[in-house]
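Okay, target-v1.pdb is below, PDB, C-alpha atoms, pLDDT in the B column:
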```
MODEL        1
ATOM      1  CA  MET A   1      -7.741 -10.706   9.276  1.00 53.00           C
ATOM      2  CA  GLU A   2     -10.440 -11.024   6.658  1.00 58.00           C
ATOM      3  CA  GLU A   3      -8.573  -8.773   4.235  1.00 54.00           C
ATOM      4  CA  SER A   4      -5.319 -10.686   4.718  1.00 51.00           C
ATOM      5  CA  ARG A   5      -6.945 -13.996   3.716  1.00 62.00           C
ATOM      6  CA  SER A   6      -8.877 -12.584   0.802  1.00 67.00           C
ATOM      7  CA  GLU A   7      -7.763 -13.010  -2.788  1.00 80.00           C
ATOM      8  CA  HIS A   8      -9.097  -9.493  -3.410  1.00 82.00           C
ATOM      9  CA  ASN A   9      -6.435  -7.527  -5.335  1.00 94.00           C
ATOM     10  CA  LYS A  10      -4.167 -10.593  -5.609  1.00 95.00           C
ATOM     11  CA  GLY A  11      -2.914 -11.863  -8.921  1.00 95.00           C
ATOM     12  CA  ASP A  12      -1.041 -10.678 -11.968  1.00 96.00           C
ATOM     13  CA  LEU A  13      -2.111  -7.783 -14.165  1.00 97.00           C
ATOM     14  CA  GLU A  14      -1.904  -8.229 -17.903  1.00 95.00           C
ATOM     15  CA  ASN A  15       0.945  -6.038 -19.213  1.00 96.00           C
ATOM     16  CA  PRO A  16       1.511  -3.860 -16.140  1.00 98.00           C
ATOM     17  CA  ASP A  17       3.373  -0.598 -16.644  1.00 98.00           C
ATOM     18  CA  TYR A  18       5.247  -1.133 -13.382  1.00 98.00           C
ATOM     19  CA  LYS A  19       6.204  -4.195 -11.400  1.00 98.00           C
ATOM     20  CA  GLU A  20       8.277  -3.880  -8.228  1.00 97.00           C
ATOM     21  CA  LEU A  21       9.383  -6.292  -5.539  1.00 97.00           C
ATOM     22  CA  GLY A  22       9.035  -5.157  -1.950  1.00 97.00           C
ATOM     23  CA  HIS A  23      10.832  -7.308   0.608  1.00 95.00           C
ATOM     24  CA  ASN A  24      11.267  -7.176   4.351  1.00 91.00           C
ATOM     25  CA  PRO A  25      14.324  -9.356   5.091  1.00 87.00           C
ATOM     26  CA  SER A  26      13.833  -9.172   8.857  1.00 84.00           C
ATOM     27  CA  CYS A  27      10.578 -11.140   8.741  1.00 85.00           C
ATOM     28  CA  GLY A  28      10.298 -12.557   5.227  1.00 90.00           C
ATOM     29  CA  ASP A  29       7.330 -10.497   4.010  1.00 95.00           C
ATOM     30  CA  GLU A  30       7.517 -10.178   0.238  1.00 96.00           C
ATOM     31  CA  ILE A  31       5.164  -8.562  -2.256  1.00 97.00           C
ATOM     32  CA  THR A  32       5.355  -7.796  -5.930  1.00 98.00           C
ATOM     33  CA  LEU A  33       3.251  -4.738  -6.675  1.00 98.00           C
ATOM     34  CA  GLN A  34       1.954  -4.254 -10.215  1.00 98.00           C
ATOM     35  CA  ILE A  35       0.468  -1.037 -11.588  1.00 98.00           C
ATOM     36  CA  LYS A  36      -1.339  -0.242 -14.822  1.00 98.00           C
ATOM     37  CA  MET A  37      -1.387   3.494 -15.547  1.00 98.00           C
ATOM     38  CA  ASP A  38      -3.766   5.603 -17.610  1.00 98.00           C
ATOM     39  CA  GLY A  39      -1.743   8.741 -18.200  1.00 97.00           C
ATOM     40  CA  ASP A  40      -0.950  10.020 -14.692  1.00 97.00           C
ATOM     41  CA  THR A  41      -3.697   7.951 -13.020  1.00 98.00           C
ATOM     42  CA  LEU A  42      -3.235   4.603 -11.291  1.00 98.00           C
ATOM     43  CA  LYS A  43      -5.838   2.730 -13.322  1.00 98.00           C
ATOM     44  CA  ASP A  44      -5.377  -0.711 -11.796  1.00 98.00           C
ATOM     45  CA  LEU A  45      -3.119  -2.386  -9.266  1.00 98.00           C
ATOM     46  CA  SER A  46      -2.580  -5.899  -7.993  1.00 98.00           C
ATOM     47  CA  TYR A  47      -0.039  -7.855  -6.021  1.00 97.00           C
ATOM     48  CA  THR A  48       1.382 -11.277  -5.469  1.00 96.00           C
ATOM     49  CA  GLY A  49       3.396 -12.384  -2.498  1.00 94.00           C
ATOM     50  CA  VAL A  50       3.563 -13.933   0.889  1.00 93.00           C
ATOM     51  CA  GLY A  51       3.838 -12.618   4.394  1.00 92.00           C
ATOM     52  CA  CYS A  52       2.101 -11.968   7.652  1.00 93.00           C
ATOM     53  CA  ALA A  53      -1.522 -10.907   7.920  1.00 91.00           C
ATOM     54  CA  ILE A  54      -0.527  -7.272   8.458  1.00 94.00           C
ATOM     55  CA  SER A  55       1.599  -6.981   5.311  1.00 94.00           C
ATOM     56  CA  GLN A  56      -0.965  -8.760   3.134  1.00 94.00           C
ATOM     57  CA  ALA A  57      -3.926  -6.759   4.454  1.00 94.00           C
ATOM     58  CA  SER A  58      -2.003  -3.478   4.254  1.00 96.00           C
ATOM     59  CA  THR A  59      -1.153  -4.209   0.606  1.00 96.00           C
ATOM     60  CA  SER A  60      -4.727  -4.994  -0.394  1.00 96.00           C
ATOM     61  CA  ILE A  61      -6.181  -2.005   1.464  1.00 96.00           C
ATOM     62  CA  MET A  62      -3.502   0.281  -0.007  1.00 98.00           C
ATOM     63  CA  ILE A  63      -4.491  -0.853  -3.494  1.00 98.00           C
ATOM     64  CA  ASP A  64      -8.148  -0.036  -2.823  1.00 97.00           C
ATOM     65  CA  THR A  65      -7.125   3.347  -1.389  1.00 98.00           C
ATOM     66  CA  VAL A  66      -4.922   4.504  -4.288  1.00 98.00           C
ATOM     67  CA  ARG A  67      -6.731   2.940  -7.266  1.00 98.00           C
ATOM     68  CA  GLY A  68      -8.004   5.755  -9.482  1.00 98.00           C
ATOM     69  CA  LYS A  69      -5.761   8.374  -7.870  1.00 98.00           C
ATOM     70  CA  THR A  70      -3.123  10.413  -9.660  1.00 98.00           C
ATOM     71  CA  ARG A  71       0.571   9.734  -9.114  1.00 98.00           C
ATOM     72  CA  GLU A  72       0.830  12.834  -6.884  1.00 98.00           C
ATOM     73  CA  GLU A  73      -2.246  11.887  -4.825  1.00 98.00           C
ATOM     74  CA  ALA A  74      -0.954   8.331  -4.330  1.00 98.00           C
ATOM     75  CA  ILE A  75       2.469   9.570  -3.171  1.00 98.00           C
ATOM     76  CA  HIS A  76       0.779  11.946  -0.722  1.00 98.00           C
ATOM     77  CA  LEU A  77      -1.390   9.111   0.628  1.00 98.00           C
ATOM     78  CA  ALA A  78       1.691   6.918   1.034  1.00 98.00           C
ATOM     79  CA  ASP A  79       3.526   9.669   2.886  1.00 98.00           C
ATOM     80  CA  THR A  80       0.486  10.237   5.108  1.00 98.00           C
ATOM     81  CA  PHE A  81       0.131   6.525   5.906  1.00 98.00           C
ATOM     82  CA  ILE A  82       3.837   6.087   6.656  1.00 98.00           C
ATOM     83  CA  GLY A  83       3.781   9.163   8.875  1.00 97.00           C
ATOM     84  CA  MET A  84       0.732   7.882  10.747  1.00 97.00           C
ATOM     85  CA  ILE A  85       2.385   4.500  11.337  1.00 96.00           C
ATOM     86  CA  LYS A  86       5.486   6.278  12.621  1.00 94.00           C
ATOM     87  CA  GLY A  87       3.373   8.178  15.153  1.00 93.00           C
ATOM     88  CA  VAL A  88       2.938  11.512  13.354  1.00 94.00           C
ATOM     89  CA  SER A  89      -0.423  13.178  13.986  1.00 94.00           C
ATOM     90  CA  ILE A  90      -2.531  13.490  10.862  1.00 96.00           C
ATOM     91  CA  THR A  91      -5.484  15.761  10.172  1.00 96.00           C
ATOM     92  CA  GLU A  92      -9.098  14.651  10.002  1.00 97.00           C
ATOM     93  CA  GLU A  93      -8.989  15.294   6.248  1.00 97.00           C
ATOM     94  CA  GLU A  94      -5.967  12.988   5.916  1.00 97.00           C
ATOM     95  CA  GLN A  95      -7.723  10.357   8.030  1.00 97.00           C
ATOM     96  CA  ASP A  96     -10.707  10.509   5.662  1.00 97.00           C
ATOM     97  CA  ALA A  97      -8.399  10.232   2.637  1.00 97.00           C
ATOM     98  CA  LEU A  98      -6.779   7.078   4.043  1.00 98.00           C
ATOM     99  CA  GLU A  99     -10.201   5.406   4.228  1.00 96.00           C
ATOM    100  CA  ASP A 100      -9.883   1.782   5.446  1.00 96.00           C
ATOM    101  CA  ALA A 101      -6.113   2.148   5.864  1.00 97.00           C
ATOM    102  CA  MET A 102      -6.907   3.959   9.124  1.00 97.00           C
ATOM    103  CA  ALA A 103      -7.436   0.483  10.602  1.00 95.00           C
ATOM    104  CA  PHE A 104      -3.625   0.297  10.889  1.00 96.00           C
ATOM    105  CA  GLU A 105      -3.314   3.388  13.091  1.00 95.00           C
ATOM    106  CA  GLY A 106      -2.606   1.291  16.206  1.00 95.00           C
ATOM    107  CA  ILE A 107       0.383  -0.424  14.561  1.00 94.00           C
ATOM    108  CA  SER A 108       2.489   2.546  15.660  1.00 91.00           C
ATOM    109  CA  LYS A 109       2.293   1.084  19.172  1.00 92.00           C
ATOM    110  CA  LEU A 110       3.738  -2.236  17.930  1.00 92.00           C
ATOM    111  CA  PRO A 111       7.277  -1.365  16.728  1.00 91.00           C
ATOM    112  CA  ALA A 112       8.012  -4.904  15.559  1.00 90.00           C
ATOM    113  CA  ARG A 113       5.065  -4.734  13.127  1.00 93.00           C
ATOM    114  CA  VAL A 114       5.648  -1.267  11.664  1.00 95.00           C
ATOM    115  CA  LYS A 115       7.770  -2.643   8.795  1.00 95.00           C
ATOM    116  CA  CYS A 116       4.987  -5.083   7.928  1.00 95.00           C
ATOM    117  CA  ALA A 117       2.402  -2.331   7.549  1.00 96.00           C
ATOM    118  CA  VAL A 118       4.560   0.125   5.585  1.00 97.00           C
ATOM    119  CA  LEU A 119       6.109  -2.397   3.144  1.00 97.00           C
ATOM    120  CA  PRO A 120       3.540  -1.931   0.344  1.00 98.00           C
ATOM    121  CA  TRP A 121       3.437   1.838   0.803  1.00 98.00           C
ATOM    122  CA  TYR A 122       7.213   2.153   0.420  1.00 98.00           C
ATOM    123  CA  THR A 123       7.065  -0.178  -2.585  1.00 98.00           C
ATOM    124  CA  LEU A 124       4.432   2.100  -4.148  1.00 98.00           C
ATOM    125  CA  LYS A 125       6.610   5.162  -3.497  1.00 98.00           C
ATOM    126  CA  ASN A 126       9.625   3.412  -5.077  1.00 97.00           C
ATOM    127  CA  ILE A 127       7.623   2.950  -8.251  1.00 98.00           C
ATOM    128  CA  LEU A 128       5.998   6.369  -8.413  1.00 98.00           C
ATOM    129  CA  GLU A 129       8.995   8.463  -7.403  1.00 97.00           C
ATOM    130  CA  ALA A 130      11.452   6.785  -9.801  1.00 87.00           C
TER
ENDMDL
END
```
Render the structure in this file as structure tokens.
Amino acid sequence: MEESRSEHNKGDLENPDYKELGHNPSCGDEITLQIKMDGDTLKDLSYTGVGCAISQASTSIMIDTVRGKTREEAIHLADTFIGMIKGVSITEEEQDALEDAMAFEGISKLPARVKCAVLPWYTLKNILEA
């Protein structure tokens, strides 16, 4: 809850390299993810948007998790997180790599909230895999 109310990671980046809207029409969650790259590294990220506590917290924690990672590392983390939320077992190493995003592990037992948690991670993949 604390992360969802925080302004941490919220706002606009100056001259982002990427800016992508992520929207969940079934519940109204909406984020705009912004990324500033340094070569192949995600140098800085931020977001703007509105939505439930889960989508907002997941976005902010995702940003903290992937900031400073390479494109390939960030895609792998997104795939790992999405798999975890969909009930796929992940290794201890993958759990460590997800850091605070592991707090969402129990969302897999709440099917109505899965889309909320994965929204920013799919948005990130849309940017990085384009």
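When only C-alpha atoms are used to compute distances to A:Thr70, the closest of the residues A:Ala117, A:Met37, A:Ala112, A:Leu98 turns out to be A:Met37.
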Worksheet item: Could you spell out the hits of the PyMOL selection byres ((chain A and resi 83) around 12) on the shown file, as a ChimeraX atom specification?
Response: /A:76-82,84-91,94-95,98,102,104-105,107-108,114,117-118,121-122
Fill in: Residues matched by the PyMOL selection byres ((chain A and resi 50) around 9), written as a PyMOL selection string
chain A and resi 28-31+48-49+51-52+55-56
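Nearest to A:Thr41 of all the residues A:Cys27, A:Ala57, A:Val66, A:Leu110 is A:Val66, based on all atoms listed in the file.
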Item to complete: Find the residue from A:Gly106, A:Gly68, A:Pro111, A:Pro120 that sits nearest to A:Gln34; use all atoms listed in the file when measuring.
Response: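 Checking each candidate against A:Gln34, we get A:Pro120 as the closest.
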Worksheet entry | Evaluate the PyMOL selection byres ((chain A and resi 12) around 12) and report residues as a ChimeraX atom specification | /A:7-11,13-19,31-36,44-49
Practice prompt. Could you tell me how far atom CA of A:Arg67 lies from atom CA of A:Asp96, in Å and to one decimal?
Written response: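 Separation between atom CA of A:Arg67 and atom CA of A:Asp96: 15.5 Å.
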Discussion item. Using all atoms listed in the file, can you tell me which of A:Ile54, A:Ala74, A:Ala101, A:Glu92 comes closest to A:Lys115?
Written reply: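 Nearest candidate to A:Lys115 out of A:Ile54, A:Ala74, A:Ala101, A:Glu92: A:Ile54.
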Worksheet entry | Sel. within 12 Å of pt (-0.8, 12.3, -18.0), counting all atoms listed in the file, output as an MDAnalysis selection string | chainID A and resid 37:43 69:72
Box time for stretch 95-113 of chain A: axis-aligned, enclosing all its listed atoms, 5 Å extra on each side; report centre and edge lengths in Å to one decimal, as AutoDock Vina command-line options.
```
--center_x -1.3 --center_y 2.8 --center_z 10.9 --size_x 28.7 --size_y 25.4 --size_z 26.5
```
Fill in: Atomic separation - atom CA of A:His23 relative to atom CA of A:Leu119, Å
7.3 Å
Item to complete: Could you jot down the atom CA of A:Ile61 to atom CA of A:Asp100 separation for me, Å, one decimal place?
Response: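 Interatomic distance, atom CA of A:Ile61 to atom CA of A:Asp100: 6.6 Å.
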Please supply stretch 88-99 of chain A, rebuilt with all heavy atoms, as a PDB file, in the frame of the given file.
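Writing the result to selection_3.pdb gives the following:
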```pdb
ATOM      1  N   VAL A  88       3.190  10.111  13.678  1.00 94.00           N
ATOM      2  CA  VAL A  88       2.938  11.512  13.354  1.00 94.00           C
ATOM      3  C   VAL A  88       1.426  11.750  13.366  1.00 94.00           C
ATOM      4  O   VAL A  88       0.667  10.943  12.824  1.00 94.00           O
ATOM      5  CB  VAL A  88       3.518  11.861  11.956  1.00 94.00           C
ATOM      6  CG1 VAL A  88       3.146  13.268  11.542  1.00 94.00           C
ATOM      7  CG2 VAL A  88       5.024  11.648  11.940  1.00 94.00           C
ATOM      8  N   SER A  89       1.005  12.835  13.986  1.00 94.00           N
ATOM      9  CA  SER A  89      -0.423  13.178  13.986  1.00 94.00           C
ATOM     10  C   SER A  89      -0.841  13.588  12.579  1.00 94.00           C
ATOM     11  O   SER A  89      -0.119  14.316  11.897  1.00 94.00           O
ATOM     12  CB  SER A  89      -0.693  14.340  14.939  1.00 94.00           C
ATOM     13  OG  SER A  89      -0.487  13.951  16.266  1.00 94.00           O
ATOM     14  N   ILE A  90      -2.013  13.119  12.176  1.00 96.00           N
ATOM     15  CA  ILE A  90      -2.531  13.490  10.862  1.00 96.00           C
ATOM     16  C   ILE A  90      -3.886  14.172  11.055  1.00 96.00           C
ATOM     17  O   ILE A  90      -4.574  13.943  12.041  1.00 96.00           O
ATOM     18  CB  ILE A  90      -2.624  12.290   9.893  1.00 96.00           C
ATOM     19  CG1 ILE A  90      -3.560  11.210  10.406  1.00 96.00           C
ATOM     20  CG2 ILE A  90      -1.237  11.709   9.632  1.00 96.00           C
ATOM     21  CD1 ILE A  90      -3.811  10.082   9.408  1.00 96.00           C
ATOM     22  N   THR A  91      -4.246  14.993  10.085  1.00 96.00           N
ATOM     23  CA  THR A  91      -5.484  15.761  10.172  1.00 96.00           C
ATOM     24  C   THR A  91      -6.699  14.863   9.924  1.00 96.00           C
ATOM     25  O   THR A  91      -6.571  13.748   9.397  1.00 96.00           O
ATOM     26  CB  THR A  91      -5.500  16.896   9.128  1.00 96.00           C
ATOM     27  OG1 THR A  91      -5.549  16.316   7.815  1.00 96.00           O
ATOM     28  CG2 THR A  91      -4.279  17.798   9.275  1.00 96.00           C
ATOM     29  N   GLU A  92      -7.859  15.385  10.257  1.00 97.00           N
ATOM     30  CA  GLU A  92      -9.098  14.651  10.002  1.00 97.00           C
ATOM     31  C   GLU A  92      -9.284  14.425   8.498  1.00 97.00           C
ATOM     32  O   GLU A  92      -9.742  13.358   8.073  1.00 97.00           O
ATOM     33  CB  GLU A  92     -10.280  15.428  10.579  1.00 97.00           C
ATOM     34  CG  GLU A  92     -11.569  14.634  10.572  1.00 97.00           C
ATOM     35  CD  GLU A  92     -12.693  15.362  11.288  1.00 97.00           C
ATOM     36  OE1 GLU A  92     -12.439  15.951  12.362  1.00 97.00           O
ATOM     37  OE2 GLU A  92     -13.818  15.326  10.764  1.00 97.00           O
ATOM     38  N   GLU A  93      -8.894  15.420   7.712  1.00 97.00           N
ATOM     39  CA  GLU A  93      -8.989  15.294   6.248  1.00 97.00           C
ATOM     40  C   GLU A  93      -8.091  14.152   5.748  1.00 97.00           C
ATOM     41  O   GLU A  93      -8.481  13.370   4.883  1.00 97.00           O
ATOM     42  CB  GLU A  93      -8.592  16.618   5.594  1.00 97.00           C
ATOM     43  CG  GLU A  93      -8.711  16.624   4.087  1.00 97.00           C
ATOM     44  CD  GLU A  93      -8.320  17.974   3.498  1.00 97.00           C
ATOM     45  OE1 GLU A  93      -9.043  18.956   3.741  1.00 97.00           O
ATOM     46  OE2 GLU A  93      -7.283  18.022   2.805  1.00 97.00           O
ATOM     47  N   GLU A  94      -6.883  14.065   6.305  1.00 97.00           N
ATOM     48  CA  GLU A  94      -5.967  12.988   5.916  1.00 97.00           C
ATOM     49  C   GLU A  94      -6.500  11.632   6.375  1.00 97.00           C
ATOM     50  O   GLU A  94      -6.378  10.638   5.656  1.00 97.00           O
ATOM     51  CB  GLU A  94      -4.579  13.238   6.499  1.00 97.00           C
ATOM     52  CG  GLU A  94      -3.866  14.409   5.838  1.00 97.00           C
ATOM     53  CD  GLU A  94      -2.579  14.814   6.538  1.00 97.00           C
ATOM     54  OE1 GLU A  94      -2.521  14.748   7.788  1.00 97.00           O
ATOM     55  OE2 GLU A  94      -1.639  15.208   5.824  1.00 97.00           O
ATOM     56  N   GLN A  95      -7.109  11.600   7.546  1.00 97.00           N
ATOM     57  CA  GLN A  95      -7.723  10.357   8.030  1.00 97.00           C
ATOM     58  C   GLN A  95      -8.810   9.903   7.062  1.00 97.00           C
ATOM     59  O   GLN A  95      -8.884   8.721   6.714  1.00 97.00           O
ATOM     60  CB  GLN A  95      -8.319  10.549   9.425  1.00 97.00           C
ATOM     61  CG  GLN A  95      -7.285  10.733  10.508  1.00 97.00           C
ATOM     62  CD  GLN A  95      -7.914  11.044  11.852  1.00 97.00           C
ATOM     63  OE1 GLN A  95      -9.089  10.818  12.073  1.00 97.00           O
ATOM     64  NE2 GLN A  95      -7.107  11.582  12.755  1.00 97.00           N
ATOM     65  N   ASP A  96      -9.648  10.836   6.623  1.00 97.00           N
ATOM     66  CA  ASP A  96     -10.707  10.509   5.662  1.00 97.00           C
ATOM     67  C   ASP A  96     -10.116  10.002   4.350  1.00 97.00           C
ATOM     68  O   ASP A  96     -10.634   9.060   3.749  1.00 97.00           O
ATOM     69  CB  ASP A  96     -11.585  11.731   5.388  1.00 97.00           C
ATOM     70  CG  ASP A  96     -12.440  12.123   6.587  1.00 97.00           C
ATOM     71  OD1 ASP A  96     -12.594  11.308   7.534  1.00 97.00           O
ATOM     72  OD2 ASP A  96     -12.943  13.271   6.601  1.00 97.00           O
ATOM     73  N   ALA A  97      -9.025  10.630   3.905  1.00 97.00           N
ATOM     74  CA  ALA A  97      -8.399  10.232   2.637  1.00 97.00           C
ATOM     75  C   ALA A  97      -7.820   8.822   2.711  1.00 97.00           C
ATOM     76  O   ALA A  97      -7.808   8.093   1.714  1.00 97.00           O
ATOM     77  CB  ALA A  97      -7.315  11.233   2.244  1.00 97.00           C
ATOM     78  N   LEU A  98      -7.354   8.424   3.893  1.00 98.00           N
ATOM     79  CA  LEU A  98      -6.779   7.078   4.043  1.00 98.00           C
ATOM     80  C   LEU A  98      -7.838   5.983   4.073  1.00 98.00           C
ATOM     81  O   LEU A  98      -7.513   4.799   3.927  1.00 98.00           O
ATOM     82  CB  LEU A  98      -5.912   6.993   5.305  1.00 98.00           C
ATOM     83  CG  LEU A  98      -4.555   7.663   5.217  1.00 98.00           C
ATOM     84  CD1 LEU A  98      -3.822   7.568   6.548  1.00 98.00           C
ATOM     85  CD2 LEU A  98      -3.693   7.054   4.108  1.00 98.00           C
ATOM     86  N   GLU A  99      -9.087   6.359   4.261  1.00 96.00           N
ATOM     87  CA  GLU A  99     -10.201   5.406   4.228  1.00 96.00           C
ATOM     88  C   GLU A  99      -9.935   4.211   5.147  1.00 96.00           C
ATOM     89  O   GLU A  99      -9.620   4.387   6.313  1.00 96.00           O
ATOM     90  CB  GLU A  99     -10.480   4.980   2.778  1.00 96.00           C
ATOM     91  CG  GLU A  99     -10.845   6.141   1.871  1.00 96.00           C
ATOM     92  CD  GLU A  99     -10.925   5.767   0.404  1.00 96.00           C
ATOM     93  OE1 GLU A  99     -10.708   4.589   0.049  1.00 96.00           O
ATOM     94  OE2 GLU A  99     -11.198   6.672  -0.401  1.00 96.00           O
TER      95      GLU A  99
END
```
